[in-house]
file input.cif (mmCIF, C-alpha atoms)
data_upload
#
loop_
_atom_site.label_atom_id
_atom_site.label_comp_id
_atom_site.auth_asym_id
_atom_site.auth_seq_id
_atom_site.Cartn_x
_atom_site.Cartn_y
_atom_site.Cartn_z
CA MET A 32 -2.00 9.04 7.80
CA LYS A 33 -4.73 9.84 10.26
CA VAL A 34 -2.27 12.02 12.16
CA GLY A 35 -1.48 14.01 9.03
CA VAL A 36 -5.13 14.65 8.27
CA THR A 37 -5.90 16.14 11.64
CA GLU A 38 -2.77 18.21 11.59
CA GLY A 39 -3.81 19.86 8.36
CA ASN A 40 -5.91 22.43 10.21
CA PRO A 41 -3.80 23.83 13.04
CA ARG A 42 -1.05 24.98 10.73
CA GLY A 43 1.68 26.92 12.40
CA THR A 44 0.92 25.70 15.91
CA GLY A 45 4.03 24.67 17.75
CA GLY A 46 5.49 21.29 18.53
CA THR A 47 3.67 20.96 21.85
CA ALA A 48 0.25 20.86 20.22
CA THR A 49 1.46 18.22 17.79
CA LEU A 50 2.95 16.19 20.60
CA ALA A 51 -0.26 16.29 22.63
CA LEU A 52 -2.36 15.44 19.58
CA ARG A 53 -0.25 12.49 18.55
CA ALA A 54 0.10 11.15 22.08
CA GLY A 55 -3.69 11.46 22.43
CA LEU A 56 -4.27 9.54 19.19
CA PHE A 57 -1.85 6.78 20.19
CA ALA A 58 -3.51 6.55 23.61
CA LEU A 59 -6.90 6.26 21.89
CA LEU A 60 -5.48 3.53 19.68
CA TRP A 61 -4.22 1.64 22.73
CA TRP A 62 -7.59 2.03 24.38
CA ILE A 63 -9.27 0.58 21.31
CA LEU A 64 -6.83 -2.32 21.09
CA ALA A 65 -7.26 -3.10 24.78
CA GLU A 66 -11.05 -2.72 24.38
CA GLY A 67 -11.25 -0.25 27.21
CA ARG A 68 -9.58 -2.49 29.78
CA LEU A 69 -7.02 -0.78 31.97
CA ASP A 70 -5.31 -3.85 33.50
CA ALA A 71 -2.03 -3.19 31.73
CA TRP A 72 -2.21 0.59 31.46
CA TRP A 73 1.52 0.93 32.25
CA LEU A 74 2.39 -1.17 29.20
CA GLY A 75 0.11 1.07 27.16
CA ALA A 76 1.80 4.17 28.57
CA VAL A 77 5.22 2.86 27.54
CA GLY A 78 3.86 2.01 24.10
CA VAL A 79 2.25 5.42 23.66
CA ALA A 80 5.45 7.18 24.74
CA ALA A 81 7.58 5.10 22.36
CA ALA A 82 5.15 5.58 19.45
CA THR A 83 4.97 9.34 20.02
CA TRP A 84 8.75 9.61 20.20
CA ALA A 85 9.17 7.59 17.01
CA SER A 86 6.52 9.60 15.17
CA LEU A 87 8.09 12.93 16.15
CA ARG A 88 11.48 11.61 15.14
CA LEU A 89 10.36 10.23 11.77
CA ALA A 90 7.71 12.80 10.83
CA PRO A 91 8.55 16.18 12.37
CA PRO A 92 5.55 18.43 13.13
CA GLY A 93 3.99 20.41 10.35
CA ALA A 94 5.60 18.46 7.52
CA LEU A 95 2.34 17.23 6.07
CA ASN A 96 -0.82 18.89 4.97
CA ILE A 97 -3.11 16.25 3.52
CA ARG A 98 -6.30 17.40 1.87
CA VAL A 99 -9.44 15.35 2.36
CA VAL A 100 -11.23 15.38 -1.00
CA PRO A 101 -8.06 14.53 -2.99
CA LEU A 102 -7.41 11.80 -0.42
CA LEU A 103 -10.75 10.17 -1.22
CA ARG A 104 -10.10 10.49 -4.95
CA PHE A 105 -6.64 9.03 -4.48
CA LEU A 106 -8.09 6.07 -2.53
CA ALA A 107 -10.72 5.47 -5.21
CA PHE A 108 -8.03 5.55 -7.91
CA PHE A 109 -5.88 3.20 -5.87
CA VAL A 110 -8.65 0.67 -5.21
CA TRP A 111 -9.84 0.66 -8.82
CA ASN A 112 -6.33 0.27 -10.27
CA SER A 113 -5.46 -2.43 -7.74
CA LEU A 114 -8.51 -4.44 -8.74
CA ARG A 115 -7.80 -4.00 -12.44
CA GLY A 116 -4.08 -4.72 -12.08
CA GLY A 117 -4.85 -7.64 -9.78
CA ALA A 118 -7.20 -9.18 -12.33
CA GLN A 119 -4.52 -8.82 -15.02
CA VAL A 120 -1.79 -10.38 -12.88
CA ALA A 121 -4.09 -13.17 -11.72
CA PHE A 122 -4.94 -13.90 -15.37
CA MET A 123 -1.23 -13.98 -16.26
CA ALA A 124 -0.45 -16.31 -13.36
CA LEU A 125 -3.21 -18.73 -14.28
CA ARG A 126 -2.61 -19.01 -18.02
CA PRO A 127 -1.17 -22.33 -19.14
CA ARG A 128 1.81 -20.44 -20.59
CA PRO A 129 2.38 -17.19 -18.71
CA ASP A 130 2.49 -14.41 -21.27
CA LEU A 131 4.68 -11.70 -19.78
CA ALA A 132 6.71 -8.81 -21.07
CA PRO A 133 8.69 -7.71 -18.02
CA ALA A 134 10.61 -4.47 -18.36
CA LEU A 135 12.35 -1.78 -16.38
CA LEU A 136 10.98 1.69 -16.90
CA GLU A 137 12.52 4.94 -15.79
CA LEU A 138 10.31 7.76 -14.68
CA GLU A 139 11.36 11.29 -13.78
CA LEU A 140 9.21 12.31 -10.82
CA VAL A 141 7.92 15.85 -10.57
CA LEU A 142 6.71 15.28 -7.00
CA PRO A 143 8.60 17.04 -4.22
CA PRO A 144 11.04 14.87 -2.26
CA GLY A 145 10.12 13.18 0.99
CA THR A 146 6.71 11.79 1.83
CA PRO A 147 5.05 12.38 -1.58
CA ARG A 148 7.74 10.39 -3.41
CA VAL A 149 7.70 7.64 -0.80
CA LEU A 150 3.92 7.43 -1.04
CA MET A 151 4.24 7.13 -4.83
CA LEU A 152 6.74 4.29 -4.41
CA ASN A 153 4.54 2.57 -1.83
CA THR A 154 1.39 2.80 -3.90
CA LEU A 155 3.09 1.47 -7.02
CA GLY A 156 4.43 -1.41 -4.95
CA LEU A 157 0.94 -2.28 -3.74
CA MET A 158 -0.71 -2.12 -7.14
CA PRO A 159 -0.19 -5.48 -8.85
CA GLY A 160 1.81 -5.25 -12.05
CA THR A 161 4.09 -2.38 -11.04
CA LEU A 162 6.94 -2.31 -8.58
CA GLY A 163 9.26 0.54 -7.66
CA VAL A 164 12.71 -1.01 -7.66
CA ARG A 165 14.84 2.00 -7.09
CA LEU A 166 14.43 5.66 -6.23
CA ASP A 167 17.45 7.92 -6.77
CA ALA A 168 16.71 11.59 -6.18
CA ALA A 169 13.90 12.15 -8.69
CA THR A 170 14.45 9.09 -10.87
CA LEU A 171 12.13 6.21 -10.12
CA ARG A 172 12.97 2.87 -11.70
CA LEU A 173 9.95 0.66 -12.11
CA HIS A 174 9.74 -3.04 -12.81
CA VAL A 175 6.58 -3.87 -14.72
CA LEU A 176 5.12 -7.26 -15.55
CA ASP A 177 3.74 -6.33 -18.91
CA ALA A 178 5.35 -3.46 -20.79
CA ARG A 179 2.61 -3.63 -23.44
CA LEU A 180 0.19 -2.06 -20.98
CA PRO A 181 0.17 1.76 -20.66
CA VAL A 182 1.97 1.67 -17.32
CA ALA A 183 3.77 4.99 -17.68
CA ALA A 184 0.50 6.84 -18.29
CA GLU A 185 -1.04 5.21 -15.21
CA ALA A 186 1.98 6.12 -13.11
CA ARG A 187 1.64 9.73 -14.29
CA ALA A 188 -2.04 9.71 -13.30
CA LEU A 189 -1.09 8.38 -9.89
CA GLU A 190 1.55 11.06 -9.56
CA ALA A 191 -1.02 13.75 -10.33
CA HIS A 192 -3.34 12.32 -7.68
CA ILE A 193 -0.55 12.39 -5.09
CA ALA A 194 0.42 15.94 -6.07
CA ARG A 195 -3.18 17.08 -5.46
CA LEU A 196 -3.26 15.14 -2.20
CA PHE A 197 -0.42 17.19 -0.74
CA GLY A 198 -1.35 20.43 -2.43
CA ALA A 199 1.05 22.00 -4.93
CA ALA A 200 3.97 22.19 -2.50
CA ALA A 201 4.33 19.70 0.32
CA MET B 237 -30.09 -5.12 5.31
CA THR B 238 -28.17 -7.60 7.45
CA THR B 239 -28.41 -10.24 4.74
CA LEU B 240 -27.11 -7.76 2.18
CA PHE B 241 -24.03 -7.13 4.30
CA GLU B 242 -23.61 -10.86 4.87
CA ILE B 243 -23.69 -11.51 1.13
CA LEU B 244 -21.22 -8.70 0.41
CA SER B 245 -19.00 -9.97 3.21
CA ALA B 246 -19.07 -13.52 1.84
CA LEU B 247 -18.24 -12.24 -1.66
CA CYS B 248 -15.27 -10.23 -0.33
CA LEU B 249 -13.98 -13.18 1.70
CA ALA B 250 -14.29 -15.54 -1.27
CA GLY B 251 -12.61 -13.02 -3.55
CA GLY B 252 -9.82 -12.47 -1.03
CA GLY B 253 -9.28 -16.20 -0.72
CA PHE B 254 -9.18 -16.51 -4.50
CA PHE B 255 -6.51 -13.81 -4.84
CA CYS B 256 -4.44 -15.37 -2.03
CA ILE B 257 -4.45 -18.73 -3.81
CA VAL B 258 -3.70 -17.19 -7.20
CA GLY B 259 -0.91 -15.15 -5.63
CA GLY B 260 0.58 -18.38 -4.32
CA ILE B 261 0.26 -20.06 -7.70
CA GLY B 262 1.85 -17.02 -9.35
CA LEU B 263 4.70 -17.12 -6.85
CA LEU B 264 5.47 -20.65 -7.99
CA ARG B 265 4.93 -20.12 -11.69
CA MET B 266 6.49 -16.73 -12.40
CA PRO B 267 9.85 -17.00 -14.17
CA ASP B 268 12.19 -14.85 -12.04
CA PHE B 269 12.62 -13.07 -8.72
CA TYR B 270 11.14 -9.73 -9.76
CA THR B 271 8.06 -11.19 -11.40
CA ARG B 272 7.47 -13.34 -8.32
CA VAL B 273 7.34 -10.24 -6.15
CA HIS B 274 4.50 -9.02 -8.39
CA ALA B 275 2.59 -12.20 -7.64
CA ALA B 276 3.17 -11.66 -3.93
CA SER B 277 1.68 -8.16 -4.16
CA LEU B 278 -1.50 -9.81 -5.40
CA THR B 279 -1.78 -11.69 -2.13
CA GLU B 280 -0.96 -8.67 -0.03
CA THR B 281 -3.10 -6.02 -1.67
CA LEU B 282 -6.13 -7.81 -3.03
CA GLY B 283 -6.05 -10.99 -0.94
CA ALA B 284 -5.53 -9.38 2.44
CA GLY B 285 -7.49 -6.25 1.47
CA LEU B 286 -10.63 -8.12 0.42
CA ILE B 287 -10.48 -10.46 3.43
CA LEU B 288 -10.18 -7.47 5.78
CA LEU B 289 -13.05 -5.71 4.00
CA GLY B 290 -15.16 -8.87 4.23
CA LEU B 291 -14.50 -9.15 7.95
CA MET B 292 -15.35 -5.47 8.47
CA LEU B 293 -18.66 -5.88 6.64
CA HIS B 294 -19.35 -8.94 8.76
CA GLU B 295 -18.60 -7.11 12.00
CA GLY B 296 -20.47 -3.91 11.32
CA PHE B 297 -19.28 -0.78 13.09
CA THR B 298 -17.56 -2.09 16.21
CA LEU B 299 -14.15 -1.86 17.87
CA VAL B 300 -13.14 -4.94 15.90
CA THR B 301 -13.62 -2.95 12.70
CA VAL B 302 -11.25 -0.28 13.97
CA LYS B 303 -8.69 -2.98 14.72
CA LEU B 304 -9.13 -4.43 11.23
CA LEU B 305 -8.63 -0.94 9.81
CA MET B 306 -5.38 -0.69 11.76
CA ILE B 307 -4.21 -4.04 10.35
CA GLY B 308 -5.05 -2.73 6.88
CA LEU B 309 -3.04 0.43 7.51
CA LEU B 310 -0.10 -1.63 8.74
CA ILE B 311 -0.18 -3.79 5.60
CA PHE B 312 -0.48 -0.66 3.45
CA PHE B 313 2.81 0.67 4.83
CA ALA B 314 4.75 -2.51 5.62
CA SER B 315 4.22 -4.74 2.62
CA PRO B 316 5.35 -2.38 -0.19
CA THR B 317 8.29 -1.33 1.97
CA ALA B 318 9.34 -4.96 2.27
CA SER B 319 8.96 -5.73 -1.44
CA HIS B 320 10.81 -2.53 -2.36
CA ALA B 321 13.65 -3.39 0.03
CA LEU B 322 13.90 -6.89 -1.45
CA THR B 323 13.91 -5.86 -5.09
CA ARG B 324 16.19 -2.89 -4.51
CA ALA B 325 18.70 -5.10 -2.74
CA ALA B 326 18.47 -7.65 -5.54
CA LEU B 327 19.06 -4.98 -8.20
CA LEU B 328 21.98 -3.43 -6.33
CA ARG B 329 23.58 -6.85 -5.85
CA GLY B 330 23.42 -7.32 -9.61
CA LEU B 331 20.54 -9.74 -10.05
CA LYS B 332 19.43 -9.06 -13.60
CA PRO B 333 15.69 -9.04 -14.17
CA LEU B 334 14.38 -11.14 -17.00
CA LEU B 335 13.69 -8.60 -19.73
CA ASP B 336 12.28 -9.95 -22.91
CA GLY B 337 9.41 -10.03 -25.28
CA PRO B 338 6.48 -12.36 -24.86
CA ALA B 339 7.90 -14.96 -27.25
CA GLU B 340 10.83 -15.93 -25.05
CA ASN B 341 8.76 -16.84 -22.00
CA LYS B 342 8.50 -20.50 -21.30
#
call {"tool": "encode", "arguments": {"input": "input.cif", "output": "structure tokens"}}
result
Amino acid sequence: MKVGVTEGNPRGTGGTATLALRAGLFALLWWILAEGRLDAWWLGAVGVAAATWASLRLAPPGALNIRVVPLLRFLAFFVWNSLRGGAQVAFMALRPRPDLAPALLELELVLPPGTPRVLMLNTLGLMPGTLGVRLDAATLRLHVLDARLPVAAEARALEAHIARLFGAAA
Amino acid sequence: MTTLFEILSALCLAGGGFFCIVGGIGLLRMPDFYTRVHAASLTETLGAGLILLGLMLHEGFTLVTVKLLMIGLLIFFASPTASHALTRAALLRGLKPLLDGPAENK
């Protein structure tokens, strides 16, 4: 995610700049993990090369343009909903007789395909109470613990946050 | 100032521990596979998240905090991917989720 944020600015620069930037970030990460020690620098070099290759393979340059303010709002939304959902699920798990109303919901996503949809799926999976079970094209099937809660509305709110995060078109 | 961070850190660690335990209890008590995965997400998101936050507050701004942030990032991407892969596989193999009203739950 960090990579995407920094790449938001030099839009249109070629693959070489992206490669250098990502390799630099991975090298920095290695340096942090090794706490500045250079005893096993060759292992780090192999790791950095592998990580850079994988990142270029999996996320080609220029695919993402993450905006900072919506990112903070998205994170705030995520943390708040996780805490609230977590409290609800914890309460359900601790009741003498668990009171659930599990259901499968279908949601038509308006987000563009690729990273935005995957992020939506990921976030729903992390927030207690909702779980993305299946994603076919634009149809997201959700498993929810309690269908009496306004889950669909919350998912729509999340979707709007993610849409703003990537700008209108990602 | 230091004491304030220590108190916040202790609160986060205690809260994280609480959610880990409750997640475990939920894993045992939930009625079917899909609902159990929900209980596991409690452990992953709130349990691990609060413990990491507590440790970061305890450490202050050091290299350790950056490492903790990296662990958090890894969990953020890996754990929902794993639970999605599990439930998707279960659904595709025909495991029917328990779908009912509140009255039928035992």
call {"tool": "resolve_selection", "arguments": {"input": "input.cif", "expression": "the PyMOL selection byres ((chain A) within 10 of (chain B))", "output": "MDAnalysis selection string"}}
result
chainID A and resid 32:33 60 63:67 110 113:114 116:118 120:135 149:150 152:166 172 174:179
call {"tool": "resolve_selection", "arguments": {"input": "input.cif", "expression": "the PyMOL selection byres ((chain A and resi 186) around 10)", "output": "PyMOL selection string"}}
result
chain A and resi 138+140+151+154-155+161+173+181-185+187-192
call {"tool": "closest_residue", "arguments": {"input": "input.cif", "among": "B:Ile307, B:Ala284, B:Lys332, B:Glu295", "to": "Leu244 of chain B", "atoms": "all atoms listed in the file"}}
result
B:Glu295
call {"tool": "atom_distance", "arguments": {"input": "input.cif", "atom1": "atom CA of Leu142 of chain A", "atom2": "atom CA of Leu56 of chain A"}}
result
29.0 Å
call {"tool": "closest_residue", "arguments": {"input": "input.cif", "among": "A:Val100, A:Ala80, A:Ala169, A:Ala107", "to": "Gly55 of chain A", "atoms": "all atoms listed in the file"}}
result
A:Ala80
call {"tool": "atom_distance", "arguments": {"input": "input.cif", "atom1": "atom CA of Arg148 of chain A", "atom2": "atom CA of Arg104 of chain A"}}
result
17.9 Å
call {"tool": "residues_around", "arguments": {"input": "input.cif", "residues": "Leu293 of chain B", "least_positions_apart": "4", "cutoff": "10 Å", "atoms": "only C-alpha atoms", "output": "list in words"}}
result
Thr238, Leu240, Phe241, Glu242, Ile243, Leu244, Ser245, Ala246, Cys248, Leu249, Ile287, Leu288, Leu289, Phe297 and Thr301 of chain B
call {"tool": "write_last_selection", "arguments": {"input": "input.cif", "atoms": "C-alpha atoms", "output": "mmCIF file, in the frame of the given file"}}
result
data_model
loop_
_atom_site.group_PDB
_atom_site.id
_atom_site.type_symbol
_atom_site.label_atom_id
_atom_site.label_comp_id
_atom_site.auth_asym_id
_atom_site.auth_seq_id
_atom_site.Cartn_x
_atom_site.Cartn_y
_atom_site.Cartn_z
ATOM 1 C CA THR B 238 -28.170 -7.600 7.450
ATOM 2 C CA LEU B 240 -27.110 -7.760 2.180
ATOM 3 C CA PHE B 241 -24.030 -7.130 4.300
ATOM 4 C CA GLU B 242 -23.610 -10.860 4.870
ATOM 5 C CA ILE B 243 -23.690 -11.510 1.130
ATOM 6 C CA LEU B 244 -21.220 -8.700 0.410
ATOM 7 C CA SER B 245 -19.000 -9.970 3.210
ATOM 8 C CA ALA B 246 -19.070 -13.520 1.840
ATOM 9 C CA CYS B 248 -15.270 -10.230 -0.330
ATOM 10 C CA LEU B 249 -13.980 -13.180 1.700
ATOM 11 C CA ILE B 287 -10.480 -10.460 3.430
ATOM 12 C CA LEU B 288 -10.180 -7.470 5.780
ATOM 13 C CA LEU B 289 -13.050 -5.710 4.000
ATOM 14 C CA PHE B 297 -19.280 -0.780 13.090
ATOM 15 C CA THR B 301 -13.620 -2.950 12.700
#
call {"tool": "decode", "arguments": {"input": "input.cif", "residues": "segment 76-113 of chain A", "atoms": "N, CA and C atoms", "output": "PDB file, in the first residue's frame"}}
result
ATOM      1  N   ALA A  76      19.884  -8.783  -0.587  1.00  0.00           N
ATOM      2  CA  ALA A  76      19.847  -8.444  -2.015  1.00  0.00           C
ATOM      3  C   ALA A  76      18.959  -9.423  -2.777  1.00  0.00           C
ATOM      4  N   VAL A  77      19.092 -10.717  -2.452  1.00  0.00           N
ATOM      5  CA  VAL A  77      18.244 -11.720  -3.103  1.00  0.00           C
ATOM      6  C   VAL A  77      16.773 -11.450  -2.771  1.00  0.00           C
ATOM      7  N   GLY A  78      16.523 -11.163  -1.490  1.00  0.00           N
ATOM      8  CA  GLY A  78      15.154 -10.889  -1.056  1.00  0.00           C
ATOM      9  C   GLY A  78      14.577  -9.675  -1.759  1.00  0.00           C
ATOM     10  N   VAL A  79      15.364  -8.604  -1.840  1.00  0.00           N
ATOM     11  CA  VAL A  79      14.900  -7.377  -2.488  1.00  0.00           C
ATOM     12  C   VAL A  79      14.601  -7.641  -3.961  1.00  0.00           C
ATOM     13  N   ALA A  80      15.503  -8.386  -4.624  1.00  0.00           N
ATOM     14  CA  ALA A  80      15.289  -8.686  -6.043  1.00  0.00           C
ATOM     15  C   ALA A  80      14.014  -9.500  -6.236  1.00  0.00           C
ATOM     16  N   ALA A  81      13.818 -10.519  -5.389  1.00  0.00           N
ATOM     17  CA  ALA A  81      12.629 -11.368  -5.503  1.00  0.00           C
ATOM     18  C   ALA A  81      11.365 -10.562  -5.241  1.00  0.00           C
ATOM     19  N   ALA A  82      11.395  -9.711  -4.201  1.00  0.00           N
ATOM     20  CA  ALA A  82      10.217  -8.924  -3.848  1.00  0.00           C
ATOM     21  C   ALA A  82       9.884  -7.937  -4.962  1.00  0.00           C
ATOM     22  N   THR A  83      10.910  -7.311  -5.540  1.00  0.00           N
ATOM     23  CA  THR A  83      10.670  -6.352  -6.621  1.00  0.00           C
ATOM     24  C   THR A  83      10.077  -7.052  -7.840  1.00  0.00           C
ATOM     25  N   TRP A  84      10.639  -8.227  -8.156  1.00  0.00           N
ATOM     26  CA  TRP A  84      10.116  -8.979  -9.297  1.00  0.00           C
ATOM     27  C   TRP A  84       8.659  -9.333  -9.066  1.00  0.00           C
ATOM     28  N   ALA A  85       8.359  -9.855  -7.863  1.00  0.00           N
ATOM     29  CA  ALA A  85       6.985 -10.263  -7.571  1.00  0.00           C
ATOM     30  C   ALA A  85       6.045  -9.065  -7.624  1.00  0.00           C
ATOM     31  N   SER A  86       6.492  -7.915  -7.100  1.00  0.00           N
ATOM     32  CA  SER A  86       5.603  -6.758  -7.068  1.00  0.00           C
ATOM     33  C   SER A  86       5.339  -6.230  -8.479  1.00  0.00           C
ATOM     34  N   LEU A  87       6.358  -6.268  -9.340  1.00  0.00           N
ATOM     35  CA  LEU A  87       6.146  -5.806 -10.724  1.00  0.00           C
ATOM     36  C   LEU A  87       5.237  -6.769 -11.478  1.00  0.00           C
ATOM     37  N   ARG A  88       5.386  -8.038 -11.168  1.00  0.00           N
ATOM     38  CA  ARG A  88       4.564  -9.071 -11.787  1.00  0.00           C
ATOM     39  C   ARG A  88       3.099  -8.910 -11.376  1.00  0.00           C
ATOM     40  N   LEU A  89       2.888  -8.742 -10.063  1.00  0.00           N
ATOM     41  CA  LEU A  89       1.524  -8.777  -9.518  1.00  0.00           C
ATOM     42  C   LEU A  89       0.831  -7.421  -9.601  1.00  0.00           C
ATOM     43  N   ALA A  90       1.593  -6.339  -9.494  1.00  0.00           N
ATOM     44  CA  ALA A  90       1.003  -5.003  -9.566  1.00  0.00           C
ATOM     45  C   ALA A  90       1.810  -4.187 -10.563  1.00  0.00           C
ATOM     46  N   PRO A  91       1.474  -4.275 -11.850  1.00  0.00           N
ATOM     47  CA  PRO A  91       2.226  -3.543 -12.864  1.00  0.00           C
ATOM     48  C   PRO A  91       2.249  -2.042 -12.576  1.00  0.00           C
ATOM     49  N   PRO A  92       3.290  -1.350 -13.016  1.00  0.00           N
ATOM     50  CA  PRO A  92       3.451   0.074 -12.708  1.00  0.00           C
ATOM     51  C   PRO A  92       2.255   0.906 -13.158  1.00  0.00           C
ATOM     52  N   GLY A  93       1.956   1.900 -12.348  1.00  0.00           N
ATOM     53  CA  GLY A  93       0.941   2.865 -12.740  1.00  0.00           C
ATOM     54  C   GLY A  93      -0.487   2.399 -12.605  1.00  0.00           C
ATOM     55  N   ALA A  94      -0.700   1.225 -12.012  1.00  0.00           N
ATOM     56  CA  ALA A  94      -2.061   0.710 -11.904  1.00  0.00           C
ATOM     57  C   ALA A  94      -2.842   1.408 -10.803  1.00  0.00           C
ATOM     58  N   LEU A  95      -2.136   1.905  -9.809  1.00  0.00           N
ATOM     59  CA  LEU A  95      -2.828   2.455  -8.652  1.00  0.00           C
ATOM     60  C   LEU A  95      -2.547   3.938  -8.490  1.00  0.00           C
ATOM     61  N   ASN A  96      -3.554   4.621  -7.985  1.00  0.00           N
ATOM     62  CA  ASN A  96      -3.375   6.021  -7.662  1.00  0.00           C
ATOM     63  C   ASN A  96      -4.182   6.288  -6.401  1.00  0.00           C
ATOM     64  N   ILE A  97      -3.558   6.008  -5.254  1.00  0.00           N
ATOM     65  CA  ILE A  97      -4.266   6.117  -3.984  1.00  0.00           C
ATOM     66  C   ILE A  97      -4.165   7.538  -3.459  1.00  0.00           C
ATOM     67  N   ARG A  98      -5.314   8.066  -3.028  1.00  0.00           N
ATOM     68  CA  ARG A  98      -5.324   9.429  -2.523  1.00  0.00           C
ATOM     69  C   ARG A  98      -5.267   9.417  -1.001  1.00  0.00           C
ATOM     70  N   VAL A  99      -4.562  10.401  -0.444  1.00  0.00           N
ATOM     71  CA  VAL A  99      -4.179  10.317   0.965  1.00  0.00           C
ATOM     72  C   VAL A  99      -5.346  10.593   1.911  1.00  0.00           C
ATOM     73  N   VAL A 100      -6.072  11.694   1.680  1.00  0.00           N
ATOM     74  CA  VAL A 100      -7.142  12.042   2.620  1.00  0.00           C
ATOM     75  C   VAL A 100      -8.226  10.954   2.638  1.00  0.00           C
ATOM     76  N   PRO A 101      -8.698  10.490   1.466  1.00  0.00           N
ATOM     77  CA  PRO A 101      -9.659   9.377   1.504  1.00  0.00           C
ATOM     78  C   PRO A 101      -9.090   8.127   2.166  1.00  0.00           C
ATOM     79  N   LEU A 102      -7.759   7.949   2.074  1.00  0.00           N
ATOM     80  CA  LEU A 102      -7.151   6.781   2.724  1.00  0.00           C
ATOM     81  C   LEU A 102      -7.324   6.872   4.233  1.00  0.00           C
ATOM     82  N   LEU A 103      -7.089   8.071   4.783  1.00  0.00           N
ATOM     83  CA  LEU A 103      -7.247   8.245   6.226  1.00  0.00           C
ATOM     84  C   LEU A 103      -8.709   8.053   6.633  1.00  0.00           C
ATOM     85  N   ARG A 104      -9.621   8.580   5.813  1.00  0.00           N
ATOM     86  CA  ARG A 104     -11.048   8.413   6.139  1.00  0.00           C
ATOM     87  C   ARG A 104     -11.453   6.953   6.048  1.00  0.00           C
ATOM     88  N   PHE A 105     -10.904   6.259   5.049  1.00  0.00           N
ATOM     89  CA  PHE A 105     -11.176   4.831   4.909  1.00  0.00           C
ATOM     90  C   PHE A 105     -10.676   4.075   6.136  1.00  0.00           C
ATOM     91  N   LEU A 106      -9.449   4.405   6.596  1.00  0.00           N
ATOM     92  CA  LEU A 106      -8.877   3.712   7.753  1.00  0.00           C
ATOM     93  C   LEU A 106      -9.723   3.975   9.002  1.00  0.00           C
ATOM     94  N   ALA A 107     -10.160   5.232   9.163  1.00  0.00           N
ATOM     95  CA  ALA A 107     -10.991   5.559  10.322  1.00  0.00           C
ATOM     96  C   ALA A 107     -12.289   4.754  10.279  1.00  0.00           C
ATOM     97  N   PHE A 108     -12.915   4.708   9.114  1.00  0.00           N
ATOM     98  CA  PHE A 108     -14.151   3.941   8.934  1.00  0.00           C
ATOM     99  C   PHE A 108     -13.916   2.481   9.266  1.00  0.00           C
ATOM    100  N   PHE A 109     -12.798   1.955   8.767  1.00  0.00           N
ATOM    101  CA  PHE A 109     -12.471   0.551   8.974  1.00  0.00           C
ATOM    102  C   PHE A 109     -12.275   0.241  10.457  1.00  0.00           C
ATOM    103  N   VAL A 110     -11.483   1.089  11.139  1.00  0.00           N
ATOM    104  CA  VAL A 110     -11.204   0.837  12.556  1.00  0.00           C
ATOM    105  C   VAL A 110     -12.490   0.917  13.368  1.00  0.00           C
ATOM    106  N   TRP A 111     -13.292   1.949  13.126  1.00  0.00           N
ATOM    107  CA  TRP A 111     -14.522   2.121  13.883  1.00  0.00           C
ATOM    108  C   TRP A 111     -15.475   0.944  13.666  1.00  0.00           C
ATOM    109  N   ASN A 112     -15.661   0.543  12.398  1.00  0.00           N
ATOM    110  CA  ASN A 112     -16.587  -0.554  12.118  1.00  0.00           C
ATOM    111  C   ASN A 112     -16.067  -1.885  12.626  1.00  0.00           C
ATOM    112  N   SER A 113     -14.735  -2.051  12.636  1.00  0.00           N
ATOM    113  CA  SER A 113     -14.169  -3.289  13.181  1.00  0.00           C
ATOM    114  C   SER A 113     -14.454  -3.385  14.668  1.00  0.00           C
TER     115      SER A 113
END
